$ cat coords15.cif   # mmCIF, C-alpha atoms and all ligand atoms
data_coords
loop_
_atom_site.label_atom_id
_atom_site.label_comp_id
_atom_site.auth_asym_id
_atom_site.auth_seq_id
_atom_site.Cartn_x
_atom_site.Cartn_y
_atom_site.Cartn_z
CA MET A 1 9.17 -9.26 62.84
CA LYS A 2 11.59 -7.28 60.70
CA LEU A 3 11.74 -8.63 57.16
CA MET A 4 14.59 -8.03 54.71
CA LEU A 5 14.63 -9.14 51.10
CA VAL A 6 18.11 -9.61 49.65
CA THR A 7 18.05 -9.34 45.90
CA GLY A 8 20.71 -8.58 43.34
CA THR A 9 21.67 -7.27 39.95
CA GLY A 10 22.32 -10.84 38.86
CA THR A 11 23.51 -14.22 39.95
CA GLY A 12 26.81 -14.60 41.76
CA VAL A 13 26.97 -10.98 42.96
CA GLY A 14 27.24 -11.89 46.64
CA LYS A 15 23.64 -12.20 47.87
CA THR A 16 24.39 -15.25 50.00
CA VAL A 17 27.49 -13.73 51.57
CA THR A 18 25.50 -10.53 52.23
CA THR A 19 22.67 -12.57 53.75
CA ALA A 20 25.17 -14.29 56.02
CA ALA A 21 26.73 -10.96 57.04
CA LEU A 22 23.30 -9.50 57.90
CA ALA A 23 22.50 -12.62 59.90
CA ALA A 24 25.88 -12.58 61.69
CA CYS A 25 25.39 -8.96 62.82
CA ALA A 26 21.85 -9.63 64.03
CA LEU A 27 22.96 -12.76 65.87
CA ARG A 28 25.74 -10.85 67.61
CA SER A 29 23.20 -8.38 68.94
CA GLY A 30 21.14 -11.25 70.36
CA GLN A 31 18.35 -11.26 67.81
CA ARG A 32 16.40 -14.35 66.82
CA VAL A 33 17.15 -14.68 63.12
CA ALA A 34 15.76 -16.90 60.39
CA VAL A 35 17.02 -17.07 56.82
CA VAL A 36 14.81 -18.15 53.93
CA LYS A 37 15.82 -19.23 50.44
CA PRO A 38 12.36 -19.67 48.90
CA VAL A 39 13.65 -21.30 45.74
CA GLN A 40 17.05 -22.91 45.25
CA THR A 41 18.36 -24.10 41.91
CA GLY A 42 21.54 -25.79 40.79
CA VAL A 43 21.75 -28.41 43.55
CA ARG A 44 20.25 -31.88 43.93
CA PRO A 45 18.22 -33.02 46.93
CA GLY A 46 20.53 -33.39 49.92
CA GLU A 47 23.33 -31.31 48.41
CA PRO A 48 24.42 -28.08 50.10
CA GLY A 49 22.72 -24.96 48.70
CA ASP A 50 22.86 -21.30 49.73
CA LEU A 51 21.45 -22.03 53.18
CA ALA A 52 24.27 -24.47 53.87
CA GLU A 53 26.68 -21.63 53.10
CA VAL A 54 24.81 -19.32 55.50
CA CYS A 55 25.03 -22.09 58.12
CA ARG A 56 28.76 -22.57 57.53
CA LEU A 57 29.47 -18.83 57.82
CA THR A 58 27.21 -18.03 60.78
CA GLY A 59 26.33 -21.26 62.59
CA LEU A 60 22.66 -20.38 62.15
CA SER A 61 20.29 -23.34 61.94
CA ASP A 62 16.96 -21.51 61.60
CA LEU A 63 17.04 -21.95 57.82
CA HIS A 64 14.15 -22.50 55.41
CA GLU A 65 14.12 -23.61 51.77
CA TYR A 66 10.73 -24.24 50.17
CA ALA A 67 11.47 -25.42 46.62
CA ARG A 68 14.49 -26.86 44.86
CA TYR A 69 15.27 -27.57 41.20
CA PRO A 70 18.59 -29.28 40.39
CA GLU A 71 19.41 -27.63 37.06
CA PRO A 72 21.48 -24.44 37.39
CA LEU A 73 18.85 -22.23 35.76
CA ALA A 74 16.30 -19.60 36.69
CA PRO A 75 13.74 -21.35 38.95
CA ALA A 76 10.82 -21.04 36.51
CA THR A 77 12.95 -22.45 33.70
CA ALA A 78 14.30 -25.32 35.78
CA ALA A 79 10.75 -26.12 36.95
CA ARG A 80 9.34 -25.96 33.41
CA ARG A 81 11.93 -28.48 32.22
CA LEU A 82 10.55 -30.88 34.83
CA GLY A 83 6.99 -30.21 33.69
CA GLU A 84 6.28 -28.27 36.89
CA PRO A 85 4.77 -24.79 37.36
CA GLY A 86 7.19 -23.63 40.05
CA PRO A 87 6.15 -22.50 43.53
CA ASP A 88 2.96 -20.61 44.20
CA LEU A 89 3.77 -17.13 45.53
CA ALA A 90 0.89 -16.95 48.00
CA GLY A 91 2.11 -20.26 49.46
CA LEU A 92 5.69 -18.97 49.80
CA ALA A 93 4.48 -15.75 51.43
CA ALA A 94 2.31 -17.69 53.88
CA ARG A 95 5.25 -19.87 54.93
CA ILE A 96 7.48 -16.83 55.44
CA ALA A 97 4.72 -15.20 57.51
CA GLU A 98 4.80 -18.27 59.79
CA LEU A 99 8.24 -17.08 60.96
CA ALA A 100 6.73 -13.97 62.53
CA ASP A 101 8.02 -14.75 66.03
CA ARG A 102 11.62 -14.13 64.93
CA ASP A 103 13.16 -10.67 65.37
CA LEU A 104 14.57 -10.71 61.86
CA VAL A 105 13.76 -12.80 58.79
CA ILE A 106 16.10 -12.48 55.82
CA VAL A 107 14.88 -13.76 52.45
CA GLU A 108 17.41 -14.35 49.67
CA GLY A 109 16.05 -14.23 46.11
CA ALA A 110 17.28 -16.27 43.18
CA GLY A 111 19.57 -14.63 40.65
CA GLY A 112 18.67 -11.03 39.75
CA ALA A 113 15.55 -9.18 40.87
CA LEU A 114 13.48 -9.99 37.77
CA VAL A 115 14.21 -13.70 37.66
CA ARG A 116 11.04 -15.77 37.70
CA PHE A 117 10.15 -18.35 40.31
CA ASN A 118 7.16 -19.83 38.47
CA ASP A 119 5.19 -20.06 35.21
CA ARG A 120 3.13 -17.00 36.15
CA ALA A 121 6.23 -14.87 35.61
CA GLU A 122 6.33 -14.14 39.35
CA GLY A 123 9.53 -13.61 41.31
CA ILE A 124 10.84 -11.72 44.33
CA CYS A 125 8.88 -8.53 43.48
CA GLN A 126 5.57 -10.36 43.47
CA LEU A 127 6.63 -12.23 46.61
CA ALA A 128 7.21 -8.87 48.30
CA THR A 129 3.74 -7.74 47.23
CA ALA A 130 2.21 -10.94 48.61
CA LEU A 131 4.07 -10.41 51.90
CA ARG A 132 2.76 -6.85 52.06
CA GLY A 133 -0.72 -8.28 51.65
CA LEU A 134 -0.04 -10.26 54.83
CA GLY A 135 0.94 -7.11 56.70
CA ALA A 136 4.74 -7.30 56.36
CA GLN A 137 6.82 -4.29 55.38
CA PRO A 138 9.91 -5.75 53.76
CA GLY A 139 13.10 -3.76 53.47
CA VAL A 140 14.94 -4.35 50.21
CA VAL A 141 18.71 -4.81 50.00
CA LEU A 142 20.14 -4.66 46.49
CA VAL A 143 23.47 -6.45 46.11
CA THR A 144 25.55 -5.28 43.19
CA GLY A 145 28.89 -5.80 41.50
CA VAL A 146 31.28 -2.88 41.27
CA ALA A 147 33.36 -3.57 38.15
CA LEU A 148 32.90 -1.74 34.84
CA GLY A 149 29.27 -2.30 33.79
CA ALA A 150 27.92 -2.26 37.34
CA LEU A 151 26.39 1.21 37.07
CA HIS A 152 23.87 0.20 34.43
CA ASP A 153 23.08 -3.10 36.15
CA ALA A 154 22.42 -1.33 39.44
CA ALA A 155 20.38 1.49 37.86
CA ALA A 156 18.24 -0.89 35.79
CA THR A 157 17.62 -3.25 38.70
CA ALA A 158 16.79 -0.43 41.10
CA ALA A 159 14.38 1.09 38.55
CA ALA A 160 12.63 -2.25 38.21
CA LEU A 161 12.37 -2.58 42.00
CA ARG A 162 10.99 0.95 42.29
CA GLY A 163 8.34 -0.02 39.76
CA TRP A 164 7.09 -2.40 42.44
CA SER A 165 7.49 0.24 45.17
CA LEU A 166 10.40 -1.77 46.51
CA GLY A 167 12.94 0.84 47.57
CA PRO A 168 15.62 -0.31 47.20
CA ASP A 169 16.45 0.72 50.75
CA ALA A 170 20.12 -0.25 50.76
CA LEU A 171 22.84 -0.95 48.26
CA VAL A 172 25.57 -3.49 49.06
CA VAL A 173 28.72 -4.14 47.06
CA GLY A 174 28.99 -7.91 47.30
CA ASP A 175 32.62 -8.50 46.38
CA TRP A 176 35.01 -5.55 46.72
CA PRO A 177 38.36 -6.47 45.15
CA ALA A 178 41.61 -6.53 47.11
CA GLU A 179 43.19 -4.29 44.51
CA PRO A 180 40.44 -2.02 43.18
CA GLY A 181 41.12 -0.24 39.90
CA LEU A 182 39.89 3.05 38.49
CA ALA A 183 36.47 1.69 37.48
CA GLU A 184 35.80 0.10 40.88
CA CYS A 185 36.80 3.19 42.83
CA CYS A 186 34.76 5.53 40.62
CA ASN A 187 31.78 3.15 40.55
CA LEU A 188 31.78 3.02 44.34
CA GLN A 189 31.18 6.77 44.29
CA ASP A 190 28.53 6.68 41.54
CA LEU A 191 26.55 3.54 42.41
CA PRO A 192 24.28 5.14 45.06
CA ASP A 193 23.26 7.90 42.65
CA TYR A 194 22.59 5.45 39.80
CA ALA A 195 20.61 3.13 42.07
CA GLY A 196 18.88 5.87 44.04
CA ALA A 197 19.79 4.06 47.24
CA PRO A 198 22.37 4.62 49.98
CA LEU A 199 25.51 2.51 50.06
CA GLN A 200 25.09 0.43 53.21
CA GLY A 201 27.54 -2.40 52.71
CA ILE A 202 30.90 -3.27 51.16
CA LEU A 203 31.95 -6.91 51.45
CA PRO A 204 35.63 -7.53 50.78
CA HIS A 205 36.73 -10.20 48.36
CA GLY A 206 37.55 -13.25 50.42
CA GLY A 207 34.92 -12.45 53.02
CA GLY A 208 32.81 -15.35 51.83
CA VAL A 209 35.55 -17.91 52.33
CA LEU A 210 36.38 -17.06 55.94
CA GLY A 211 35.73 -19.50 58.75
CA PRO A 212 32.78 -18.78 61.03
CA ALA A 213 34.78 -17.15 63.85
CA ALA A 214 36.56 -14.71 61.54
CA PHE A 215 33.31 -14.07 59.64
CA ALA A 216 31.45 -13.22 62.85
CA GLU A 217 34.25 -10.92 63.92
CA ARG A 218 34.59 -9.08 60.64
CA ALA A 219 31.06 -8.95 59.23
CA ALA A 220 30.04 -5.90 61.30
CA GLY A 221 32.82 -3.91 59.64
CA TRP A 222 31.27 -4.54 56.22
CA LEU A 223 27.79 -3.19 56.95
CA THR A 224 26.72 0.28 58.09
CA PRO A 225 24.71 0.80 61.29
CA ALA A 226 21.53 0.84 59.15
CA LEU A 227 22.19 -2.85 58.45
CA GLY A 228 23.41 -3.71 61.92
CA GLY A 229 27.15 -3.11 61.45
CA SER A 230 29.70 -0.37 62.05
CA LEU A 231 30.98 0.51 58.57
CA ASP A 232 31.43 4.20 57.74
CA ALA A 233 30.61 3.95 54.03
CA SER A 234 31.33 7.62 53.27
CA GLU A 235 34.77 7.30 54.78
CA PHE A 236 35.40 4.10 52.79
CA VAL A 237 34.40 5.85 49.55
CA ARG A 238 36.56 8.88 50.40
CA ALA A 239 39.54 6.64 51.17
CA HIS A 240 39.24 5.07 47.72
CA ALA A 241 38.84 8.28 45.73
CA VAL A 242 41.23 8.33 42.77
CA PRO A 243 43.23 11.52 42.07
CA LEU A 244 42.01 13.53 39.08
CA PRO A 245 43.85 12.86 35.81
CA ARG A 246 44.44 16.48 34.80
CA ASN A 247 48.21 16.33 35.22
CA GLU A 248 48.55 13.05 33.34
CA ILE A 249 46.31 13.35 30.28
CA PRO A 250 47.56 15.73 27.56
CA ARG A 251 44.79 18.02 26.25
N1 LIG A 301 32.87 -11.11 49.32
C1 LIG A 301 33.13 -12.32 48.85
N2 LIG A 301 34.20 -13.02 49.26
C2 LIG A 301 34.49 -14.24 48.77
N3 LIG A 301 33.77 -14.87 47.88
C3 LIG A 301 32.69 -14.23 47.45
C4 LIG A 301 32.29 -12.94 47.91
N4 LIG A 301 31.15 -12.59 47.28
C5 LIG A 301 30.86 -13.62 46.50
N5 LIG A 301 31.78 -14.58 46.60
C6 LIG A 301 31.81 -15.87 45.90
O1 LIG A 301 31.19 -15.70 44.65
C7 LIG A 301 30.26 -16.72 44.45
C8 LIG A 301 28.88 -16.10 44.37
O2 LIG A 301 28.58 -15.45 45.58
P1 LIG A 301 27.17 -15.66 46.26
O3 LIG A 301 26.90 -17.13 46.38
O4 LIG A 301 27.07 -14.88 47.52
O5 LIG A 301 26.28 -15.01 45.11
P2 LIG A 301 24.71 -15.01 44.99
O6 LIG A 301 24.35 -13.64 44.53
O7 LIG A 301 24.14 -15.46 46.28
O8 LIG A 301 24.43 -16.06 43.84
P3 LIG A 301 23.07 -16.90 43.56
O9 LIG A 301 22.32 -16.12 42.53
O10 LIG A 301 23.61 -18.19 43.03
O11 LIG A 301 22.35 -17.07 44.84
C9 LIG A 301 30.38 -17.69 45.62
O12 LIG A 301 31.23 -18.75 45.25
C10 LIG A 301 30.99 -16.87 46.70
O13 LIG A 301 31.77 -17.63 47.59
MG MG A 302 23.00 -17.08 46.66
#
$ encode --input "coords15.cif" --output "structure tokens" --more "lines below"
Ligand SMILES: Nc1ncnc2c1ncn2[C@@H]1O[C@H](COP(=O)(O)OP(=O)(O)OP(=O)(O)O)[C@@H](O)[C@H]1O
Ligand SMILES: [Mg+2]
Amino acid sequence: MKLMLVTGTGTGVGKTVTTAALAACALRSGQRVAVVKPVQTGVRPGEPGDLAEVCRLTGLSDLHEYARYPEPLAPATAARRLGEPGPDLAGLAARIAELADRDLVIVEGAGGALVRFNDRAEGICQLATALRGLGAQPGVVLVTGVALGALHDAAATAAALRGWSLGPDALVVGDWPAEPGLAECCNLQDLPDYAGAPLQGILPHGGGVLGPAAFAERAAGWLTPALGGSLDASEFVRAHAVPLPRNEIPR
């Protein structure tokens, strides 16, 4: 089983859309894929969460959610407010390990990489360690924003991940704007260096609201071959390079 952990610089950066794109590419190449959201917050029992979005975008039904807290908060906080400890990491890891007969298992974290799942201050990094203890070798995909401020977020998150020997192995821009400005274009160039990870995905704004047929058709163009797609990230960065200002700024 190949295991990928999808984490991010924060909430709302595009982890779910990235997870769906990874799944769509793997499905197209005939792989057996499962997607796991170990802990979901912000939705009540029976309401659609992140896995429902993955299902809508990809048609995948091999979906696994292990704990849910309705308040839109970090899992440990939402659990604490119910008087609960939050999920036990060894238990989560064991359930993910049960999916070992799939070709690819994609695990989406909650919020940013340091967000806690339980009252032991454990989150996706400790989950990765527990999975390693069970013999898995998870690859880590870091999803990031690209607007002004993204460089620090990506660098700080990647440094934290490295502290747990968790790559990151790939950097993905979760929501590339239709009309990128100076900061976005320059950040695209600088993000891999700040994060110490190769740019392996650029998801266009609007990608997450496509129907399943269009999503399946287009997702491969958003991810590089390392993530199962056909994107040439270097070419994309080159195409968005902004001319130098030397003829415009008086010295
Ligand atoms: N490329 C995109 N195209 C369209 N919408 C997007 C894109 N990326 C993100 N969004 C939208 O932004 C919101 C947050 O994206 P997403 O759910 O993927 O973030 P997340 O990192 O998974 O957040 P969470 O921490 O809640 O799991 C969603 O409403 C999603 O539809
Ligand atoms: Mg999500």
$ residues_around --input "coords15.cif" --residues "stretch 130-141 of chain A" --least-positions-apart "4" --cutoff "6 Å" --atoms "only C-alpha atoms" --output "number ranges by chain"
A: 3-6, 93, 168-171
$ closest_residue --input "coords15.cif" --among "A:Glu98, A:Asp153, A:Glu84, A:Glu71" --to "A:Thr9" --atoms "all atoms listed in the file"
A:Asp153
$ residues_near_ligand --input "coords15.cif" --ligand "ligand LIG 301 (chain A)" --cutoff "10 Å" --atoms "only C-alpha atoms and all ligand atoms" --output "PyMOL selection string"
chain A and resi 6-21+37+39-42+49-51+53-54+72-74+108-113+115+143-145+173-177+202-210+222
$ atom_distance --input "coords15.cif" --atom1 "atom CA of A:Arg80" --atom2 "atom CA of A:Asp119"
7.4 Å
$ residues_around --input "coords15.cif" --residues "A:Cys185" --least-positions-apart "2" --cutoff "9 Å" --atoms "only C-alpha atoms" --output "list in words"
Val146, Ala147, Pro180, Gly181, Leu182, Ala183, Asn187, Leu188, Gln189, Val237, His240, Ala241 and Val242 of chain A
$ atom_distance --input "coords15.cif" --atom1 "atom CA of A:Ala197" --atom2 "atom CA of A:Leu223"
14.5 Å
$ atom_distance --input "coords15.cif" --atom1 "atom CA of A:Pro192" --atom2 "atom CA of A:Leu166"
15.6 Å
$ axis_aligned_box --input "coords15.cif" --around "stretch 98-116 of chain A" --padding-each-side "3 Å" --output "AutoDock Vina command-line options"
--center_x 12.2 --center_y -13.7 --center_z 51.8 --size_x 20.8 --size_y 15.1 --size_z 34.4
$ residues_around --input "coords15.cif" --residues "A:Ala34" --least-positions-apart "6" --cutoff "7 Å" --atoms "only C-alpha atoms" --output "list in words"
Asp62, Leu63, Arg102, Leu104, Val105 and Ile106 of chain A
$ closest_residue --input "coords15.cif" --among "A:Met1, A:Phe215, A:Arg28, A:Pro48" --to "ligand MG 302 (chain A)" --atoms "only C-alpha atoms and all ligand atoms"
A:Pro48
$ closest_residue --input "coords15.cif" --among "A:Ala160, A:Pro198, A:Lys2, A:Val107" --to "ligand MG 302 (chain A)" --atoms "all atoms listed in the file"
A:Val107
$ closest_residue --input "coords15.cif" --among "A:Leu231, A:Val43, A:Ala214, A:Cys25" --to "ligand MG 302 (chain A)" --atoms "all atoms listed in the file"
A:Val43
$ closest_residue --input "coords15.cif" --among "A:Val35, A:Thr224, A:Phe236, A:Arg162" --to "ligand MG 302 (chain A)" --atoms "only C-alpha atoms and all ligand atoms"
A:Val35
$ build_atoms --input "coords15.cif" --residues "stretch 49-60 of chain A" --atoms "all heavy atoms" --output "short mmCIF file (atom, residue, chain, number, x, y, z; two decimals), in the coordinates of the input"
data_model
loop_
_atom_site.label_atom_id
_atom_site.label_comp_id
_atom_site.auth_asym_id
_atom_site.auth_seq_id
_atom_site.Cartn_x
_atom_site.Cartn_y
_atom_site.Cartn_z
N GLY A 49 23.10 -26.14 49.49
CA GLY A 49 22.72 -24.96 48.70
C GLY A 49 23.15 -23.69 49.42
O GLY A 49 24.05 -23.73 50.28
N ASP A 50 22.48 -22.59 49.12
CA ASP A 50 22.86 -21.30 49.73
C ASP A 50 22.70 -21.31 51.25
O ASP A 50 23.48 -20.70 51.98
CB ASP A 50 22.02 -20.18 49.12
CG ASP A 50 22.52 -19.80 47.74
OD1 ASP A 50 23.45 -20.44 47.24
OD2 ASP A 50 21.97 -18.84 47.16
N LEU A 51 21.67 -22.02 51.73
CA LEU A 51 21.45 -22.03 53.18
C LEU A 51 22.57 -22.76 53.91
O LEU A 51 22.92 -22.40 55.05
CB LEU A 51 20.09 -22.66 53.51
CG LEU A 51 18.87 -21.88 53.02
CD1 LEU A 51 17.59 -22.59 53.42
CD2 LEU A 51 18.89 -20.44 53.57
N ALA A 52 23.14 -23.77 53.26
CA ALA A 52 24.27 -24.47 53.87
C ALA A 52 25.46 -23.51 54.01
O ALA A 52 26.23 -23.58 54.98
CB ALA A 52 24.65 -25.69 53.04
N GLU A 53 25.60 -22.62 53.04
CA GLU A 53 26.68 -21.63 53.10
C GLU A 53 26.42 -20.63 54.24
O GLU A 53 27.34 -20.26 54.98
CB GLU A 53 26.77 -20.91 51.74
CG GLU A 53 27.95 -19.99 51.55
CD GLU A 53 29.31 -20.68 51.67
OE1 GLU A 53 29.36 -21.92 51.73
OE2 GLU A 53 30.30 -19.94 51.73
N VAL A 54 25.16 -20.22 54.39
CA VAL A 54 24.81 -19.32 55.50
C VAL A 54 25.10 -20.02 56.83
O VAL A 54 25.65 -19.42 57.76
CB VAL A 54 23.33 -18.90 55.41
CG1 VAL A 54 22.91 -18.13 56.67
CG2 VAL A 54 23.08 -18.05 54.16
N CYS A 55 24.77 -21.31 56.90
CA CYS A 55 25.03 -22.09 58.12
C CYS A 55 26.53 -22.18 58.39
O CYS A 55 26.98 -21.95 59.52
CB CYS A 55 24.43 -23.49 57.97
SG CYS A 55 24.79 -24.56 59.36
N ARG A 56 27.31 -22.45 57.36
CA ARG A 56 28.76 -22.57 57.53
C ARG A 56 29.35 -21.25 58.04
O ARG A 56 30.21 -21.23 58.92
CB ARG A 56 29.42 -22.95 56.20
CG ARG A 56 30.93 -23.19 56.31
CD ARG A 56 31.61 -23.35 54.97
NE ARG A 56 31.72 -22.12 54.20
CZ ARG A 56 32.60 -21.14 54.46
NH1 ARG A 56 33.45 -21.25 55.47
NH2 ARG A 56 32.63 -20.05 53.72
N LEU A 57 28.88 -20.13 57.48
CA LEU A 57 29.47 -18.83 57.82
C LEU A 57 29.01 -18.31 59.17
O LEU A 57 29.74 -17.56 59.83
CB LEU A 57 29.15 -17.80 56.73
CG LEU A 57 29.86 -18.01 55.39
CD1 LEU A 57 29.26 -17.13 54.29
CD2 LEU A 57 31.36 -17.71 55.53
N THR A 58 27.80 -18.66 59.59
CA THR A 58 27.21 -18.03 60.78
C THR A 58 26.87 -19.01 61.90
O THR A 58 26.60 -18.56 63.02
CB THR A 58 25.89 -17.30 60.42
OG1 THR A 58 24.92 -18.29 60.02
CG2 THR A 58 26.09 -16.31 59.29
N GLY A 59 26.78 -20.29 61.59
CA GLY A 59 26.33 -21.26 62.59
C GLY A 59 24.82 -21.30 62.75
O GLY A 59 24.29 -22.10 63.52
N LEU A 60 24.12 -20.44 62.03
CA LEU A 60 22.66 -20.38 62.15
C LEU A 60 22.02 -21.68 61.65
O LEU A 60 22.45 -22.24 60.64
CB LEU A 60 22.15 -19.19 61.30
CG LEU A 60 20.66 -18.86 61.40
CD1 LEU A 60 20.31 -18.35 62.79
CD2 LEU A 60 20.28 -17.81 60.35
#
